[in-house]
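What follows is work.txt (compact mmCIF, C-alpha atoms (C1' of nucleotides)).
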```
# COMPACT_ATOMS: atom_id res chain seq x y z
CA MET A 1 106.96 166.32 195.55
CA ALA A 2 109.72 164.97 193.41
CA GLY A 3 112.75 164.74 195.64
CA SER A 4 114.99 165.05 192.65
CA HIS A 5 118.24 164.56 194.51
CA THR A 6 119.75 161.14 194.62
CA LEU A 7 120.11 159.37 197.92
CA ALA A 8 123.84 159.04 197.33
CA GLU A 9 124.14 162.79 196.79
CA THR A 10 122.21 163.51 199.95
CA GLU A 11 124.31 161.05 201.88
CA ARG A 12 127.51 162.71 200.74
CA GLN A 13 126.26 166.15 201.79
CA VAL A 14 125.07 164.96 205.19
CA SER A 15 128.30 163.05 205.71
CA SER A 16 130.40 166.13 205.27
CA LEU A 17 128.12 168.18 207.52
CA LEU A 18 128.17 165.66 210.34
CA ARG A 19 131.59 164.10 210.01
CA GLY A 20 132.27 161.97 213.03
CA MET A 21 128.75 162.20 214.43
CA ASN A 22 127.81 158.66 213.55
CA ILE A 23 124.69 159.02 211.48
CA ASP A 24 122.78 155.84 210.58
CA PHE A 25 122.04 156.27 206.88
CA LYS A 26 120.19 152.99 206.58
CA ALA A 27 117.66 154.10 209.16
CA MET A 28 117.45 157.52 207.55
CA THR A 29 116.75 155.89 204.19
CA VAL A 30 113.94 153.71 205.50
CA VAL A 31 112.24 156.57 207.29
CA SER A 32 112.58 159.11 204.51
CA ASN A 33 111.28 156.60 201.98
CA LEU A 34 108.38 155.95 204.30
CA PHE A 35 107.38 159.62 204.21
CA ARG A 36 107.99 159.95 200.49
CA ALA A 37 105.84 156.92 199.74
CA ALA A 38 103.02 157.94 202.05
CA ASN A 39 103.01 161.43 200.59
CA ALA A 40 103.08 160.22 197.01
CA ALA A 41 100.35 157.66 197.65
CA ARG A 42 98.13 160.15 199.41
CA ASN A 43 98.53 162.68 196.63
CA HIS A 44 97.74 160.02 194.06
CA LEU A 45 94.57 158.96 195.86
CA GLU A 46 93.45 162.54 196.44
CA ARG A 47 94.03 163.38 192.80
CA GLU A 48 92.46 160.30 191.28
CA VAL A 49 89.54 159.66 193.61
CA LEU A 50 88.87 162.28 196.28
CA SER A 51 89.25 165.71 194.70
CA GLY A 52 86.71 164.87 192.01
CA ASN A 53 84.22 164.17 194.77
CA ARG A 54 84.96 167.29 196.82
CA LEU A 55 86.37 165.19 199.64
CA SER A 56 89.41 165.90 201.77
CA TRP A 57 91.69 163.08 202.83
CA THR A 58 90.63 163.21 206.45
CA GLY A 59 87.01 163.65 205.49
CA PHE A 60 87.20 160.45 203.48
CA VAL A 61 88.84 158.51 206.29
CA VAL A 62 86.16 159.67 208.72
CA LEU A 63 83.44 158.59 206.31
CA TRP A 64 85.17 155.26 205.86
CA VAL A 65 85.29 154.56 209.58
CA VAL A 66 81.63 155.39 210.11
CA TRP A 67 80.66 153.51 206.96
CA VAL A 68 82.42 150.33 208.05
CA TRP A 69 81.54 150.39 211.73
CA GLY A 70 78.17 152.10 211.75
CA GLU A 71 77.16 154.73 214.29
CA CYS A 72 80.29 155.85 216.15
CA GLU A 73 81.17 158.04 219.10
CA THR A 74 83.34 160.96 218.05
CA ARG A 75 86.15 159.90 220.41
CA GLU A 76 86.24 156.50 218.67
CA ILE A 77 86.42 158.18 215.27
CA ALA A 78 89.26 160.46 216.37
CA GLU A 79 91.14 157.46 217.74
CA GLU A 80 90.63 155.41 214.59
CA VAL A 81 91.35 158.24 212.15
CA GLY A 82 94.37 159.45 214.08
CA THR A 83 93.53 163.11 214.63
CA SER A 84 92.89 165.25 217.66
CA LYS A 85 89.37 165.82 218.93
CA ALA A 86 89.64 169.47 217.90
CA THR A 87 90.44 168.59 214.30
CA LEU A 88 87.61 166.11 214.14
CA THR A 89 85.15 168.77 215.27
CA GLY A 90 86.06 170.84 212.23
CA VAL A 91 86.02 167.96 209.78
CA LEU A 92 82.62 166.77 211.03
CA LYS A 93 81.31 170.29 210.62
CA THR A 94 82.30 170.20 206.96
CA LEU A 95 80.87 166.71 206.41
CA GLU A 96 77.64 167.71 208.15
CA ARG A 97 77.36 170.84 206.03
CA ASP A 98 77.70 168.66 202.93
CA LYS A 99 74.92 166.37 204.23
CA LEU A 100 77.17 163.31 204.36
CA VAL A 101 76.95 162.64 208.11
CA ALA A 102 74.53 163.45 210.93
CA LYS A 103 75.22 163.93 214.63
CA ARG A 104 73.08 163.27 217.67
CA ARG A 105 73.61 163.26 221.43
CA SER A 106 73.75 159.97 223.30
CA LYS A 107 70.80 159.45 225.60
CA SER A 108 72.65 157.24 228.04
CA ASP A 109 75.58 159.67 228.38
CA GLY A 110 74.92 163.32 227.66
CA ARG A 111 78.58 164.03 226.99
CA LEU A 112 78.85 161.78 223.96
CA VAL A 113 78.02 162.67 220.37
CA LEU A 114 77.15 159.88 217.94
CA VAL A 115 77.80 160.12 214.21
CA THR A 116 76.01 158.31 211.40
CA LEU A 117 76.15 158.40 207.62
CA THR A 118 73.26 159.97 205.78
CA GLY A 119 71.80 158.35 202.70
CA ASP A 120 74.01 160.59 200.58
CA GLY A 121 77.02 159.54 202.63
CA LYS A 122 76.30 155.85 202.15
CA ARG A 123 75.72 156.23 198.43
CA LEU A 124 78.93 158.21 198.08
CA MET A 125 81.01 155.58 199.88
CA THR A 126 79.43 152.72 197.98
CA ARG A 127 80.36 154.47 194.79
CA ILE A 128 83.88 155.67 195.49
CA PHE A 129 85.35 152.99 197.73
CA PRO A 130 85.72 150.54 194.83
CA GLU A 131 87.48 153.32 192.90
CA PHE A 132 89.68 153.98 195.90
CA ASN A 133 90.60 150.32 196.23
CA LYS A 134 91.34 150.17 192.52
CA GLN A 135 93.92 152.90 193.00
CA GLU A 136 95.31 151.08 196.02
CA VAL A 137 95.84 148.09 193.76
CA TYR A 138 97.57 150.35 191.27
CA LEU A 139 99.86 151.73 193.96
CA VAL A 140 101.17 148.32 195.02
CA SER A 141 101.14 146.77 191.57
CA SER A 142 104.91 147.08 191.23
CA LEU A 143 105.38 144.80 194.26
CA GLU A 144 105.52 141.02 194.17
CA GLY A 145 102.93 139.16 196.19
CA SER A 146 105.42 138.12 198.86
CA GLU A 147 106.91 141.61 198.89
CA ARG A 148 103.49 143.03 199.73
CA LYS A 149 103.14 140.87 202.78
CA GLY A 150 106.67 141.60 203.95
CA THR A 151 106.15 145.33 203.49
CA ALA A 152 102.85 145.35 205.33
CA ASP A 153 104.44 143.41 208.21
CA ALA A 154 107.41 145.75 208.42
CA LEU A 155 105.16 148.80 208.39
CA ARG A 156 103.05 147.30 211.15
CA LYS A 157 106.17 146.77 213.25
CA ILE A 158 107.21 150.39 212.77
CA THR A 159 103.74 151.56 213.73
CA LEU A 160 103.66 149.56 216.92
CA HIS A 161 107.18 150.56 217.86
CA ALA A 162 106.46 154.25 217.27
CA ARG A 163 103.33 154.04 219.36
CA GLY A 164 104.99 152.16 222.17
CA ASP A 165 106.31 155.15 224.05
CA LEU A 166 103.04 156.94 223.53
CA ALA A 167 101.20 154.39 225.66
CA GLN A 168 103.85 154.63 228.36
CA LYS A 169 103.62 158.40 228.44
CA GLY A 170 99.88 158.14 228.82
CA LYS A 171 100.31 155.94 231.86
CA LYS A 172 102.94 158.12 233.42
CA ARG A 173 100.70 161.16 233.36
CA LYS A 174 99.59 160.95 236.97
CA ARG A 175 99.66 164.63 237.96
CA MET B 1 95.92 157.12 216.38
CA ALA B 2 95.44 153.63 217.64
CA GLY B 3 93.43 151.81 215.01
CA SER B 4 92.16 149.39 217.56
CA HIS B 5 90.10 147.25 215.20
CA THR B 6 91.56 144.05 213.85
CA LEU B 7 92.15 143.67 210.15
CA ALA B 8 89.98 140.58 210.10
CA GLU B 9 87.11 142.49 211.68
CA THR B 10 87.47 145.30 209.19
CA GLU B 11 87.62 142.84 206.33
CA ARG B 12 84.40 141.17 207.43
CA GLN B 13 82.62 144.51 207.65
CA VAL B 14 83.81 145.71 204.27
CA SER B 15 83.02 142.35 202.70
CA SER B 16 79.41 142.51 203.76
CA LEU B 17 79.12 146.11 202.57
CA LEU B 18 80.57 145.38 199.15
CA ARG B 19 79.52 141.81 198.54
CA GLY B 20 80.51 140.79 195.04
CA MET B 21 82.44 143.94 194.27
CA ASN B 22 85.84 142.32 194.29
CA ILE B 23 87.85 144.31 196.82
CA ASP B 24 91.58 143.60 197.04
CA PHE B 25 92.23 143.36 200.77
CA LYS B 26 95.94 142.70 200.38
CA ALA B 27 96.42 145.99 198.60
CA MET B 28 94.18 147.73 201.13
CA THR B 29 96.32 146.33 203.95
CA VAL B 30 99.60 147.51 202.47
CA VAL B 31 98.31 151.01 201.81
CA SER B 32 96.56 151.48 205.14
CA ASN B 33 99.64 150.22 206.99
CA LEU B 34 101.69 152.68 204.99
CA PHE B 35 99.60 155.58 206.25
CA ARG B 36 99.46 154.28 209.79
CA ALA B 37 103.22 153.86 209.92
CA ALA B 38 103.95 157.25 208.42
CA ASN B 39 101.54 158.92 210.82
CA ALA B 40 102.89 157.12 213.85
CA ALA B 41 106.50 157.82 212.87
CA ARG B 42 105.80 161.48 212.23
CA ASN B 43 104.01 161.87 215.54
CA HIS B 44 106.87 160.14 217.31
CA LEU B 45 109.48 162.41 215.75
CA GLU B 46 107.43 165.55 216.39
CA ARG B 47 106.93 164.56 220.00
CA GLU B 48 110.48 163.45 220.76
CA VAL B 49 112.51 165.94 218.76
CA LEU B 50 110.62 168.78 217.11
CA SER B 51 108.02 170.06 219.56
CA GLY B 52 110.68 170.69 222.22
CA ASN B 53 112.41 172.95 219.73
CA ARG B 54 109.30 174.83 218.60
CA LEU B 55 109.56 173.36 215.12
CA SER B 56 106.77 172.13 212.89
CA TRP B 57 107.28 169.06 210.76
CA THR B 58 107.36 170.99 207.51
CA GLY B 59 109.52 173.68 209.04
CA PHE B 60 112.07 171.06 209.98
CA VAL B 61 112.08 169.49 206.54
CA VAL B 62 112.59 172.90 204.94
CA LEU B 63 115.51 173.59 207.27
CA TRP B 64 116.94 170.18 206.48
CA VAL B 65 116.86 170.76 202.73
CA VAL B 66 118.53 174.16 202.96
CA TRP B 67 121.02 172.85 205.51
CA VAL B 68 122.07 169.96 203.30
CA TRP B 69 122.08 171.74 199.97
CA GLY B 70 123.01 175.28 200.92
CA GLU B 71 121.34 178.34 199.43
CA CYS B 72 118.22 177.21 197.56
CA GLU B 73 115.60 178.73 195.29
CA THR B 74 112.16 178.51 196.86
CA ARG B 75 110.81 176.47 193.95
CA GLU B 76 113.54 173.88 194.57
CA ILE B 77 112.65 173.74 198.25
CA ALA B 78 108.95 173.29 197.51
CA GLU B 79 109.79 170.50 195.07
CA GLU B 80 112.08 168.74 197.51
CA VAL B 81 109.84 169.17 200.55
CA GLY B 82 106.71 168.17 198.69
CA THR B 83 104.45 171.15 199.32
CA SER B 84 102.84 173.79 197.16
CA LYS B 85 104.58 177.10 196.63
CA ALA B 86 101.85 178.82 198.61
CA THR B 87 102.43 176.64 201.66
CA LEU B 88 106.13 177.23 201.49
CA THR B 89 105.58 180.98 201.54
CA GLY B 90 103.84 180.65 204.89
CA VAL B 91 106.35 178.23 206.36
CA LEU B 92 109.25 180.43 205.31
CA LYS B 93 107.52 183.39 206.90
CA THR B 94 107.44 181.51 210.21
CA LEU B 95 111.05 180.37 209.92
CA GLU B 96 112.14 183.88 209.01
CA ARG B 97 110.26 185.33 211.97
CA ASP B 98 112.11 182.88 214.22
CA LYS B 99 115.43 183.98 212.69
CA LEU B 100 116.27 180.52 211.36
CA VAL B 101 116.40 181.39 207.65
CA ALA B 102 116.98 184.50 205.56
CA LYS B 103 115.67 185.34 202.08
CA ARG B 104 117.11 187.45 199.31
CA ARG B 105 116.26 188.16 195.69
CA SER B 106 118.32 186.64 192.94
CA LYS B 107 120.28 189.21 190.99
CA SER B 108 120.37 187.24 187.76
CA ASP B 109 116.61 186.62 187.78
CA GLY B 110 114.40 189.05 189.65
CA ARG B 111 111.61 186.51 190.02
CA LEU B 112 113.58 184.09 192.14
CA VAL B 113 113.99 184.20 195.92
CA LEU B 114 116.99 182.48 197.51
CA VAL B 115 116.90 181.04 201.01
CA THR B 116 119.83 180.47 203.38
CA LEU B 117 120.17 179.32 206.97
CA THR B 118 121.13 181.90 209.57
CA GLY B 119 123.72 181.11 212.23
CA ASP B 120 120.90 180.19 214.58
CA GLY B 121 119.44 177.91 211.91
CA LYS B 122 122.75 176.13 211.37
CA ARG B 123 123.36 175.69 215.07
CA LEU B 124 119.83 174.36 215.55
CA MET B 125 120.22 171.77 212.80
CA THR B 126 123.66 170.69 213.97
CA ARG B 127 122.18 170.09 217.40
CA ILE B 128 118.90 168.38 216.59
CA PHE B 129 119.66 166.33 213.49
CA PRO B 130 121.66 163.76 215.47
CA GLU B 131 118.71 163.51 217.86
CA PHE B 132 116.39 163.14 214.91
CA ASN B 133 118.50 160.36 213.42
CA LYS B 134 118.64 158.64 216.79
CA GLN B 135 114.85 158.47 216.77
CA GLU B 136 114.91 157.21 213.19
CA VAL B 137 117.11 154.38 214.41
CA TYR B 138 114.63 153.73 217.20
CA LEU B 139 111.75 153.60 214.72
CA VAL B 140 113.32 150.88 212.56
CA SER B 141 114.98 149.00 215.41
CA SER B 142 112.36 146.25 215.31
CA LEU B 143 113.33 145.41 211.72
CA GLU B 144 116.10 143.02 210.70
CA GLY B 145 118.89 144.44 208.59
CA SER B 146 117.69 142.70 205.44
CA GLU B 147 114.12 143.68 206.21
CA ARG B 148 115.16 147.33 206.28
CA LYS B 149 116.58 147.18 202.79
CA GLY B 150 113.58 145.30 201.45
CA THR B 151 111.19 147.78 202.99
CA ALA B 152 113.09 150.79 201.70
CA ASP B 153 113.11 149.28 198.22
CA ALA B 154 109.41 148.51 198.30
CA LEU B 155 108.60 152.01 199.48
CA ARG B 156 110.72 153.47 196.72
CA LYS B 157 108.80 151.43 194.16
CA ILE B 158 105.50 152.66 195.52
CA THR B 159 106.71 156.26 195.41
CA LEU B 160 107.85 156.03 191.81
CA HIS B 161 104.66 154.27 190.74
CA ALA B 162 102.46 156.83 192.47
CA ARG B 163 104.35 159.66 190.85
CA GLY B 164 104.29 158.09 187.43
CA ASP B 165 100.95 159.47 186.32
CA LEU B 166 101.80 162.84 187.79
CA ALA B 167 104.60 163.33 185.29
CA GLN B 168 102.30 162.30 182.44
CA LYS B 169 99.63 164.76 183.54
CA GLY B 170 102.21 167.52 183.67
CA LYS B 171 103.15 166.82 180.08
CA LYS B 172 99.60 166.70 178.88
CA ARG B 173 98.82 170.17 180.21
CA LYS B 174 99.45 172.07 176.98
CA ARG B 175 96.89 174.90 176.91
C1' DC C 1 111.07 197.97 170.68
C1' DT C 2 106.61 195.96 171.58
C1' DC C 3 103.77 192.48 172.55
C1' DC C 4 102.75 188.25 174.76
C1' DA C 5 103.24 183.81 176.72
C1' DC C 6 105.49 181.98 180.45
C1' DT C 7 107.49 181.52 185.10
C1' DC C 8 108.24 183.23 189.53
C1' DG C 9 106.58 184.11 194.62
C1' DT C 10 102.77 186.03 197.01
C1' DT C 11 98.01 186.72 198.31
C1' DA C 12 93.08 185.35 199.21
C1' DG C 13 89.89 182.18 200.91
C1' DG C 14 88.71 177.97 202.81
C1' DA C 15 89.74 173.54 205.11
C1' DT C 16 92.67 170.89 208.06
C1' DA C 17 95.77 170.42 212.18
C1' DC C 18 97.31 171.01 217.03
C1' DG C 19 97.48 172.20 222.21
C1' DA C 20 95.23 174.65 225.72
C1' DA C 21 91.36 176.29 227.93
C1' DC C 22 86.50 175.87 228.49
C1' DG C 23 81.58 174.43 229.93
C1' DA C 24 78.61 170.50 230.43
C1' DA C 25 77.79 165.97 232.03
C1' DA C 26 78.96 161.92 234.86
C1' DC C 27 80.27 159.92 239.02
C1' DG C 28 82.86 158.64 243.14
C1' DA C 29 83.78 159.96 248.08
C1' DG C 30 82.18 161.83 252.11
C1' DC D 1 72.93 165.60 248.52
C1' DT D 2 77.33 168.14 247.65
C1' DC D 3 81.85 168.58 246.27
C1' DG D 4 85.86 167.43 243.57
C1' DT D 5 87.58 164.89 239.79
C1' DT D 6 87.34 163.03 235.41
C1' DT D 7 85.71 162.69 230.72
C1' DC D 8 83.33 164.51 226.94
C1' DG D 9 83.01 167.78 222.65
C1' DT D 10 83.74 172.49 221.49
C1' DT D 11 86.10 176.90 221.08
C1' DC D 12 90.20 179.79 220.58
C1' DG D 13 94.50 181.02 218.66
C1' DT D 14 97.96 179.86 215.61
C1' DA D 15 100.25 177.29 211.98
C1' DT D 16 99.85 174.39 207.86
C1' DC D 17 98.03 173.23 203.50
C1' DC D 18 95.68 173.58 199.07
C1' DT D 19 93.78 175.83 194.60
C1' DA D 20 92.97 179.88 192.14
C1' DA D 21 93.95 184.41 191.06
C1' DC D 22 97.31 187.92 190.98
C1' DG D 23 101.30 191.14 190.00
C1' DA D 24 106.09 191.37 188.78
C1' DG D 25 109.91 189.82 186.03
C1' DT D 26 111.66 187.24 181.90
C1' DG D 27 112.47 186.36 177.24
C1' DG D 28 111.15 185.06 172.60
C1' DA D 29 108.46 186.45 168.18
C1' DG D 30 107.58 189.83 165.08
```
Now that the file is in, can you turn its structure into structure tokens?
Amino acid sequence: MAGSHTLAETERQVSSLLRGMNIDFKAMTVVSNLFRAANAARNHLEREVLSGNRLSWTGFVVLWVVWVWGECETREIAEEVGTSKATLTGVLKTLERDKLVAKRRSKSDGRLVLVTLTGDGKRLMTRIFPEFNKQEVYLVSSLEGSERKGTADALRKITLHARGDLAQKGKKRKR
Amino acid sequence: MAGSHTLAETERQVSSLLRGMNIDFKAMTVVSNLFRAANAARNHLEREVLSGNRLSWTGFVVLWVVWVWGECETREIAEEVGTSKATLTGVLKTLERDKLVAKRRSKSDGRLVLVTLTGDGKRLMTRIFPEFNKQEVYLVSSLEGSERKGTADALRKITLHARGDLAQKGKKRKR
DNA sequence: CTCCACTCGTTAGGATACGAACGAAACGAG
DNA sequence: CTCGTTTCGTTCGTATCCTAACGAGTGGAG
């Protein structure tokens, strides 16, 4: 988790390996810092908030979506959480086993499955979300107010850009 | 993956659920955008570069570390990659099966295992890393030059802050 | 030299993750 | 109504991913 090597050291090594291949180190730095930060933040939140409550990261995100938006179709949850349908099936199985969510079939469309929070699920989220947000505050506490907005904006741009070609690919798939 | 709901909508929902509990939405926004961006970027890179080469994300990162730094102890790789030792064992097994890395025991310390890239591994990295970097450039291409530096700096701050308590916990574990 | 605490990598067991293939349900065209 | 297509969630197979427990190797204390 540490990434003990300095950026400058890494840069020197990569330079000598790819001499004359025109590597953009600035871009590399932004992207690698993105993954380092996301990893570190996720580990922090899992350690400080989730593991003590027997919750996985994805399990928590699923609970959060259903908690905020109420009864959801599983395809909506998968979309919002950012996992495949197959993964969500497994995560919901775990959450259902732990009595945190309940599933039922839609009456208007027999293919759909609707998910709701149980009483336990609601109580759990009401209890731990404030803790979770407290740790979010901790994570960004080394950033100035203006820096937070700028960072959030930049991250949003990266997200949209990365997803851009995804939408195009979806359209192209005509068969 | 989409996250179709607006921030304002989400904020309204969360507000009504936690009325009077003092949630910091700015911090929530930064952190959630961090995860969205990292997820989207990772999916983009897996789709555009890795999946065509039968490489998993972690497998690629492991190859990258060994490629840049030369023969490595497995504990160093795990540290640098950010996974547990147990996970690395499995990933190395896959990479070894695909003839991309080779392992050998250290002679000076019989507990250590040293990992090197095979010829195939080196050729693979020499071929795909420029592609990978090209996609990194694509990912940050919507950011101004100054914005890139600011974002990288902010992400570095978050990483260090998130890891801060980890180091303390490590020290406390006396037993 | 003999313990013994410590550090390695691996294993065991369970949960998460994906693409591909599948069966059930919905629904348009004929 | 019937057929073909599409859209669901699930299942299957495989690969990550974690913690905990483990066996082997190390090295200091006595």
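Of the residues listed (B:Thr116, B:Ser142, B:Thr126, B:Thr94), B:Thr94 shows the shortest atom-to-atom separation from chain D; distances use all atoms listed in the file.
Among the candidates A:Leu17, A:Val115, A:Ala41, A:Ile158, the residue lying nearest to Glu136 in chain B is A:Ile158 (atoms considered: all atoms listed in the file).
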Item to check | Residues of chain C within 9 Å of chain B, counting all atoms listed in the file, as a ChimeraX atom specification | outcome: /C:7-11
Residues from the last selection, C-alpha atoms (C1' of nucleotides), saved as a compact mmCIF listing (two decimals), keeping the file's coordinate frame:
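File written: again.txt
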```txt
# COMPACT_ATOMS: atom_id res chain seq x y z
C1' DT C 7 107.49 181.52 185.10
C1' DC C 8 108.24 183.23 189.53
C1' DG C 9 106.58 184.11 194.62
C1' DT C 10 102.77 186.03 197.01
C1' DT C 11 98.01 186.72 198.31
```
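CA of Leu34 in chain B to CA of Arg42 in chain A spans 10.0 Å [interatomic distance, one decimal].
Across B:Ala8, B:Gly164, B:Ile77, B:Thr159, the tightest approach to chain A is made by B:Thr159 when counting all atoms listed in the file.
Here CA of Glu9 in chain B stands at a distance of 19.8 Å from CA of Ala37 in chain B.
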Checklist outcome for this item: C1' of DT19 in chain D to CA of Glu48 in chain A measures 15.9 Å
Item to check | Exercise answer, chain A residues close to chain B, 6 Å and all atoms listed in the file, as a count of residues only | outcome: 26
